[in-house]
Each structure stands twice: as structure tokens, then as C-alpha cells.
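**Q** Quick one, input.csv (CSV, C-alpha atoms):
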chain,number,residue,atom,x,y,z
A,20,MET,CA,39.3,19.5,-23.4
A,21,MET,CA,36.5,18.6,-21.0
A,22,ASN,CA,33.0,20.0,-21.2
A,23,GLN,CA,32.4,21.5,-17.7
A,24,ASN,CA,28.6,21.4,-18.3
A,25,SER,CA,28.4,17.7,-18.9
A,26,SER,CA,26.9,15.5,-16.2
A,27,GLY,CA,27.4,11.9,-15.3
A,28,PHE,CA,24.8,9.1,-15.6
A,29,LEU,CA,24.0,9.2,-11.8
A,30,ASP,CA,23.5,13.0,-11.9
A,31,ASN,CA,20.6,12.5,-14.3
A,32,ILE,CA,18.7,10.2,-11.9
A,33,PRO,CA,16.4,12.0,-9.4
A,34,MET,CA,17.6,12.1,-5.8
A,35,VAL,CA,15.2,9.7,-4.1
A,36,THR,CA,15.3,7.2,-7.0
A,37,LYS,CA,19.1,7.2,-7.0
A,38,ASN,CA,19.4,6.9,-3.2
A,39,LEU,CA,16.9,4.0,-3.1
A,40,ILE,CA,18.9,2.1,-5.7
A,41,ILE,CA,22.1,2.8,-3.8
A,42,ILE,CA,20.7,1.8,-0.4
A,43,ASN,CA,19.2,-1.4,-1.8
A,44,LEU,CA,22.5,-2.4,-3.4
A,45,LEU,CA,24.5,-1.5,-0.3
A,46,PHE,CA,22.2,-3.7,1.8
A,47,TRP,CA,22.5,-6.5,-0.7
A,48,VAL,CA,26.3,-6.4,-0.5
A,49,ALA,CA,26.1,-6.2,3.3
A,50,SER,CA,23.8,-9.2,3.4
A,51,LEU,CA,26.5,-11.1,1.5
A,52,ALA,CA,29.4,-10.0,3.6
A,53,LEU,CA,28.2,-9.8,7.2
A,54,PRO,CA,27.2,-13.5,7.7
A,55,LYS,CA,31.0,-14.2,7.6
A,56,VAL,CA,31.2,-12.4,11.0
A,57,GLY,CA,28.0,-13.9,12.3
A,58,ILE,CA,25.5,-11.2,11.4
A,59,ASP,CA,22.5,-12.4,9.3
A,60,LEU,CA,20.8,-9.2,8.0
A,61,VAL,CA,18.1,-11.2,6.2
A,62,ARG,CA,17.0,-12.9,9.4
A,63,LEU,CA,17.1,-9.6,11.3
A,64,PHE,CA,15.5,-7.3,8.8
A,65,GLY,CA,13.4,-9.7,6.7
A,66,LEU,CA,9.6,-9.7,7.4
A,67,HIS,CA,8.7,-12.6,9.7
A,68,PHE,CA,5.4,-14.1,10.7
A,69,PRO,CA,3.9,-12.1,13.6
A,70,GLY,CA,4.4,-13.7,17.0
A,71,VAL,CA,7.5,-15.8,16.2
A,72,LYS,CA,10.8,-15.3,18.0
A,73,ASP,CA,12.5,-13.2,15.3
A,74,PHE,CA,9.5,-10.9,14.4
A,75,TYR,CA,10.0,-7.2,15.0
A,76,PRO,CA,7.6,-4.4,13.9
A,77,PHE,CA,10.4,-2.5,12.2
A,78,GLN,CA,10.5,-5.4,9.6
A,79,PHE,CA,7.5,-3.8,7.9
A,80,VAL,CA,10.0,-1.3,6.6
A,81,THR,CA,13.3,-3.0,6.6
A,82,TYR,CA,12.2,-6.1,4.6
A,83,MET,CA,11.9,-4.1,1.4
A,84,PHE,CA,15.6,-3.3,1.5
A,85,MET,CA,16.6,-7.0,1.7
A,86,HIS,CA,17.0,-9.2,-1.4
A,87,ASP,CA,18.0,-12.8,-2.2
A,88,THR,CA,21.7,-13.2,-1.6
A,89,HIS,CA,21.8,-16.3,-3.8
A,90,SER,CA,21.1,-14.3,-7.0
A,91,PHE,CA,21.9,-10.8,-8.2
A,92,ALA,CA,18.8,-11.0,-10.4
A,93,HIS,CA,16.4,-10.3,-7.5
A,94,VAL,CA,17.9,-6.9,-6.6
A,95,PHE,CA,18.8,-6.1,-10.2
A,96,PHE,CA,15.3,-6.4,-11.7
A,97,ASN,CA,13.7,-4.6,-8.7
A,98,MET,CA,16.1,-1.7,-9.0
A,99,PHE,CA,15.8,-1.7,-12.7
A,100,GLY,CA,12.0,-1.2,-12.2
A,101,VAL,CA,12.7,1.6,-9.7
A,102,TYR,CA,15.0,3.3,-12.2
A,103,MET,CA,12.7,2.9,-15.3
A,104,PHE,CA,9.4,4.0,-13.7
A,105,GLY,CA,10.3,5.5,-10.4
A,106,ARG,CA,12.4,8.4,-11.9
A,107,VAL,CA,9.4,9.4,-14.0
A,108,LEU,CA,7.1,9.5,-11.0
A,109,GLU,CA,9.6,11.4,-9.0
A,110,ASN,CA,10.0,14.0,-11.7
A,111,ILE,CA,6.3,14.5,-11.7
A,112,TRP,CA,5.5,14.2,-8.0
A,113,GLY,CA,8.7,15.5,-6.5
A,114,PRO,CA,11.0,13.6,-4.1
A,115,LYS,CA,8.8,13.8,-0.9
A,116,ARG,CA,5.6,12.5,-2.5
A,117,PHE,CA,7.5,9.8,-4.4
A,118,LEU,CA,9.3,8.6,-1.3
A,119,ILE,CA,6.0,8.5,0.6
A,120,PHE,CA,4.4,6.5,-2.2
A,121,TYR,CA,7.3,4.0,-2.3
A,122,MET,CA,7.1,3.4,1.5
A,123,VAL,CA,3.3,3.1,1.5
A,124,ALA,CA,3.3,0.6,-1.3
A,125,GLY,CA,6.0,-1.4,0.4
A,126,ILE,CA,4.4,-1.4,3.8
A,127,GLY,CA,1.0,-2.2,2.2
A,128,ALA,CA,2.6,-5.2,0.6
A,129,ALA,CA,4.0,-6.3,4.0
A,130,ILE,CA,0.6,-5.9,5.6
A,131,THR,CA,-1.0,-8.0,2.8
A,132,GLN,CA,1.6,-10.7,3.2
A,133,GLU,CA,1.1,-10.9,6.9
A,134,LEU,CA,-2.7,-11.2,6.4
A,135,VAL,CA,-2.2,-14.0,3.9
A,136,TRP,CA,0.1,-15.8,6.3
A,137,LEU,CA,-2.3,-15.4,9.2
A,138,TYR,CA,-5.2,-16.8,7.1
A,139,SER,CA,-3.1,-19.8,5.9
A,140,VAL,CA,-1.7,-20.6,9.3
A,141,HIS,CA,-5.0,-20.2,11.1
A,142,SER,CA,-6.7,-22.4,8.5
A,143,PHE,CA,-4.0,-25.1,9.1
A,144,ALA,CA,-4.4,-24.8,12.8
A,145,SER,CA,-8.2,-25.1,12.7
A,146,THR,CA,-8.0,-28.1,10.4
A,147,ASN,CA,-5.7,-29.8,13.0
A,148,GLY,CA,-7.8,-28.8,16.0
A,149,LEU,CA,-5.2,-26.3,17.3
A,150,SER,CA,-5.3,-22.7,18.3
A,151,LEU,CA,-3.0,-20.2,16.6
A,152,ALA,CA,-1.2,-19.8,19.9
A,153,GLN,CA,-0.7,-23.5,20.2
A,154,LEU,CA,0.7,-23.7,16.7
A,155,LEU,CA,3.1,-20.8,17.3
A,156,ALA,CA,4.4,-22.5,20.5
A,157,GLY,CA,4.7,-25.9,18.9
A,158,ASP,CA,6.0,-25.3,15.4
A,159,PRO,CA,9.3,-23.5,15.3
A,160,SER,CA,9.4,-23.7,11.5
A,161,LEU,CA,7.0,-20.7,11.4
A,162,ASN,CA,10.0,-18.6,12.4
A,163,TYR,CA,11.5,-19.4,9.0
A,164,LEU,CA,8.7,-17.8,7.1
A,165,ILE,CA,10.5,-14.7,5.7
A,166,THR,CA,9.6,-12.2,3.0
A,167,ILE,CA,12.2,-9.9,1.5
A,168,GLY,CA,12.4,-7.6,-1.4
A,169,ALA,CA,11.2,-4.3,-2.9
A,170,SER,CA,8.8,-5.9,-5.3
A,171,GLY,CA,5.7,-4.6,-3.5
A,172,SER,CA,7.0,-1.0,-3.9
A,173,VAL,CA,8.0,-1.8,-7.5
A,174,PHE,CA,4.5,-3.2,-8.4
A,175,GLY,CA,3.0,-0.1,-6.8
A,176,ILE,CA,5.2,2.1,-8.9
A,177,LEU,CA,4.3,0.2,-12.1
A,178,LEU,CA,0.6,0.7,-11.3
A,179,ALA,CA,1.0,4.4,-10.6
A,180,PHE,CA,2.9,4.8,-13.9
A,181,ALA,CA,0.0,3.1,-15.7
A,182,MET,CA,-2.5,5.3,-14.0
A,183,LEU,CA,-0.7,8.5,-15.0
A,184,PHE,CA,0.4,7.3,-18.5
A,185,PRO,CA,-2.2,4.6,-19.5
A,186,ASN,CA,-1.5,4.6,-23.2
A,187,VAL,CA,2.3,4.6,-23.1
A,188,PRO,CA,3.6,1.5,-24.9
A,189,LEU,CA,5.7,-0.9,-22.8
A,190,TYR,CA,7.5,-4.1,-23.8
A,191,LEU,CA,7.6,-7.5,-22.1
A,192,MET,CA,11.1,-8.9,-22.1
A,193,PHE,CA,11.9,-10.9,-25.2
A,194,ILE,CA,8.5,-10.0,-26.8
A,195,PRO,CA,8.9,-7.2,-29.3
A,196,ILE,CA,5.3,-6.2,-29.3
A,197,PRO,CA,4.2,-2.9,-27.6
A,198,ILE,CA,1.5,-3.2,-24.9
A,199,LYS,CA,-0.2,-0.1,-23.5
A,200,ALA,CA,0.7,0.5,-19.9
A,201,LYS,CA,-2.8,0.0,-18.6
A,202,TYR,CA,-3.1,-3.5,-20.2
A,203,PHE,CA,0.4,-4.3,-19.1
A,204,VAL,CA,-0.5,-3.7,-15.5
A,205,VAL,CA,-3.8,-5.6,-15.8
A,206,PHE,CA,-1.9,-8.6,-17.2
A,207,TYR,CA,0.6,-8.5,-14.4
A,208,GLY,CA,-2.1,-8.1,-11.8
A,209,LEU,CA,-4.1,-11.1,-13.1
A,210,ALA,CA,-1.0,-13.2,-13.4
A,211,GLU,CA,0.0,-12.5,-9.8
A,212,LEU,CA,-3.5,-13.3,-8.6
A,213,TYR,CA,-3.6,-16.5,-10.5
A,214,MET,CA,-0.1,-17.6,-9.2
A,215,GLY,CA,-1.0,-16.6,-5.6
A,216,VAL,CA,-4.3,-18.6,-5.7
A,217,ALA,CA,-2.7,-21.5,-7.4
A,218,ASN,CA,0.0,-21.7,-4.7
A,219,ASN,CA,2.2,-24.1,-6.7
A,220,GLY,CA,4.7,-26.1,-4.7
A,221,GLY,CA,8.2,-24.7,-4.9
A,222,ASP,CA,6.9,-21.2,-5.7
A,223,SER,CA,8.6,-18.9,-3.1
A,224,VAL,CA,7.4,-15.6,-4.6
A,225,ALA,CA,5.1,-13.5,-2.4
A,226,HIS,CA,2.4,-12.9,-5.1
A,227,PHE,CA,-0.2,-11.5,-2.8
A,228,ALA,CA,2.4,-9.0,-1.4
A,229,HIS,CA,2.8,-7.7,-5.0
A,230,LEU,CA,-0.9,-7.3,-5.3
A,231,GLY,CA,-0.9,-5.5,-1.9
A,232,GLY,CA,1.6,-3.0,-3.1
A,233,MET,CA,-0.5,-2.3,-6.2
A,234,LEU,CA,-3.7,-2.0,-4.1
A,235,PHE,CA,-2.2,0.4,-1.6
A,236,GLY,CA,-0.6,2.3,-4.4
A,237,TYR,CA,-3.9,2.6,-6.3
A,238,PHE,CA,-5.7,4.1,-3.3
A,239,LEU,CA,-2.9,6.5,-2.6
A,240,VAL,CA,-2.9,7.8,-6.2
A,241,ARG,CA,-6.7,8.1,-6.1
A,242,TYR,CA,-6.5,10.0,-2.8
A,243,TRP,CA,-3.8,12.4,-4.2
A,244,LYS,CA,-5.8,12.9,-7.4
A,245,LYS,CA,-8.9,14.0,-5.4
A,246,LYS,CA,-6.8,16.2,-3.1
A,247,ASP,CA,-4.9,17.8,-6.0
A,248,ILE,CA,-8.0,18.6,-8.0
A,249,GLY,CA,-9.5,20.2,-4.9
A,250,ASN,CA,-6.4,22.4,-4.5
A,251,GLY,CA,-6.4,23.4,-8.1
A,252,ARG,CA,-3.6,21.1,-9.2
A,253,TYR,CA,-3.9,18.5,-11.9
A,254,PHE,CA,-1.3,15.9,-12.7
A,255,TYR,CA,-3.4,13.1,-14.1
Have the structure of the file written as C-alpha cells, please.
**A**
Amino acid sequence: MMNQNSSGFLDNIPMVTKNLIIINLLFWVASLALPKVGIDLVRLFGLHFPGVKDFYPFQFVTYMFMHDTHSFAHVFFNMFGVYMFGRVLENIWGPKRFLIFYMVAGIGAAITQELVWLYSVHSFASTNGLSLAQLLAGDPSLNYLITIGASGSVFGILLAFAMLFPNVPLYLMFIPIPIKAKYFVVFYGLAELYMGVANNGGDSVAHFAHLGGMLFGYFLVRYWKKKDIGNGRYFY
């Protein structure tokens, strides 16, 4: 006999969280399959340096749905973060607010990454006596600067979770010691800042984009907190 009141695993995941996970996984599979017919989704939808041949404004949104096709770990751990923390925020905020937050954090991460690129490339051009326009015209390799992934949104989600639940214990993988969410986020933020400034050779992670997602997420949560208190609502 079947229990007609039972619900599946997916039914217990809030709507926006579930759809974001499904969309990201579908894009990952499509990114694997479509190059076989000559369509490179990462090149089309990944975030490029502004001014290069393959840059389009819509990439500020689409890049966050692209992930590394050489490893499942990239999309898996990002979506695991969306599942673990995003569903909590969606249950508190509702689907509309959570989706807005996800997109703002992701776009904020993209803006931060573009600013870091602009600073680095401009500094290189100045050192070599070139203008930015001259470097863009003479160095086609800039077209291969691409950022992909939902990590900016995920870091924003993690920060928002810590702001709402600062004393909830979290665990680092393989370290069975509980760390309060507020300290966990501070640790991650400082680690990202250090790795971004260190700029070690071979490190392809967009650390400043992660910080950008956290920064934009922080200001949005603060804005909503002030707005909600003014309207007689209090979620924090």
C-alpha cells in the first residue's frame, strides 16, 4: 500500500531553489553536449572582458549558469551550497525575494570581476606605455579571459545565512569541529581576500568575484532589514 500523502525529495525543496539547481545542471549537460555540434556555450554565455570580440552585456547574467565542463565538482559544490543554504533563505524570504537576492549577488560578483580585470589590464597597459584601447586591439588573448559559475551567488547566500543565523554551527569538510556561521563566513571572506591579493600562478579561481557576491549580498540584506523594520516586519 502506498501512502498518498508522502512527498518525494524534490517536492521538499522550495520552488526557486529547486529550479535554480535544475537549470544549472541542464546548462552543464548542454555545455558538455553542444560543442559536438559546434556550439560552445561557455564561450557564448561566460563573462568576458569588456570590449573584446566575444563580450556581450547579457553575460553578466548568463555566466552564473555556466560551470567547468572538465569536472562535475564545480557545479556540484555550487548547487550543494544553493541547496543547503538557499532553501533556508527562500523559506524565510519567499521565492521572489530569494530570486532577486541570488541574481543581485551574482551580477554584483560579475561587476566586481570586471573591475578587477579592468584594473589589472590597465595597469599592465600603463606599465608598457600602451592605452587600454591599444592593448585590446593588439592582444587577442584578452578574449580568452572568461569567468563562469554560480559561486558569487553562493557566497552571497552564505553571507546572508550567517547574517540571519549568526550562531548556527557549521562544519568545514573533513573537520569535525563546529564553527558558528558568523565566524565561518569571516574565515571564508578573509581567505578569499588573501588568495585574491596573493594572485598565485595557476590559480584560476575568481576570488574577488566571490567577495563581490558577498559585498552586494550584504548591502541588499541591510537594505531589506531597514525597509522591513520600517514596514513593521522583522525577520532578523
**Q** Which residues of range 52-96 of chain A sit at most 10 Å from range 121-135 of chain A, using all atoms listed in the file? Give each one's shortest atom pair and distance in Å (one decimal place), in chain and ascending residue order, as CSV.
**A**
residue,atom,partner,partner_atom,distance
A:Leu66,CA,A:Ala129,CA,7.4
A:His67,CA,A:Glu133,CA,8.3
A:Phe68,CA,A:Glu133,CA,6.6
A:Pro69,CA,A:Glu133,CA,7.4
A:Gln78,CA,A:Ala129,CA,8.6
A:Phe79,CA,A:Ile126,CA,5.7
A:Val80,CA,A:Ile126,CA,6.3
A:Thr81,CA,A:Ile126,CA,9.5
A:Tyr82,CA,A:Ala129,CA,8.2
A:Met83,CA,A:Gly125,CA,6.6
A:Phe84,CA,A:Gly125,CA,9.8
**Q** Of the candidates A:Phe46, A:Phe238, A:Trp112, A:Phe74, which shows the shortest atom-to-atom distance to Asn162 in chain A, using all atoms listed in the file?
**A**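 Going through A:Phe46, A:Phe238, A:Trp112, A:Phe74 one by one, the smallest distance to Asn162 in chain A is for A:Phe74.
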**Q** Closest to Phe99 in chain A among A:Leu60, A:Tyr138, A:Gly65, A:Val173, using all atoms listed in the file?
**A** A:Val173
**Q** Determine, counting all atoms listed in the file, which protein, DNA and RNA residues have an atom within 8 Å of an atom of range 89-95 of chain A; residues of the same chain fewer than 2 positions away are not included. Present the result as a list in words.
**A** Asn43, Leu44, Trp47, His86, Asp87, Asn97, Met98, Phe99 and Gly168 of chain A
**Q** How close does range 92-114 of chain A get to range 181-202 of chain A? List, as JSON lines, each residue of range 92-114 of chain A within 10 Å, its nearest atom pair and the distance in Å to one decimal, counting all atoms listed in the file.
**A**
{"residue": "A:Phe104", "atom": "CA", "partner": "A:Ala181", "partner_atom": "CA", "distance": 9.7}
{"residue": "A:Leu108", "atom": "CA", "partner": "A:Leu183", "partner_atom": "CA", "distance": 8.8}
{"residue": "A:Ile111", "atom": "CA", "partner": "A:Leu183", "partner_atom": "CA", "distance": 9.8}
**Q** To one decimal in Å, tell me the separation between CA of Ile32 in chain A and CA of Ile176 in chain A.
**A**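 Here the two named atoms are 16.0 Å from each other.
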**Q** Which one of A:Asn110, A:Ala179, A:Met103, A:Ile42 sits closest to Trp243 in chain A if you count all atoms listed in the file?
**A**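 Using all atoms listed in the file, Trp243 in chain A sits closest to A:Ala179.
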**Q** Take CA of Ala228 in chain A and CA of Ser170 in chain A and report the distance between them in Å, one decimal.
**A**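 These atoms are spaced 8.1 Å apart.
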**Q** Which is closest to Pro114 in chain A among A:Lys244, A:Pro33, A:Val204, A:Leu230, if we use only C-alpha atoms?
**A** A:Pro33
**Q** Just the number, please: distance in Å from CA of Ala169 in chain A to CA of Val240 in chain A, one decimal.
**A**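 Pair CA of Ala169 in chain A / CA of Val240 in chain A returns 18.9 Å.
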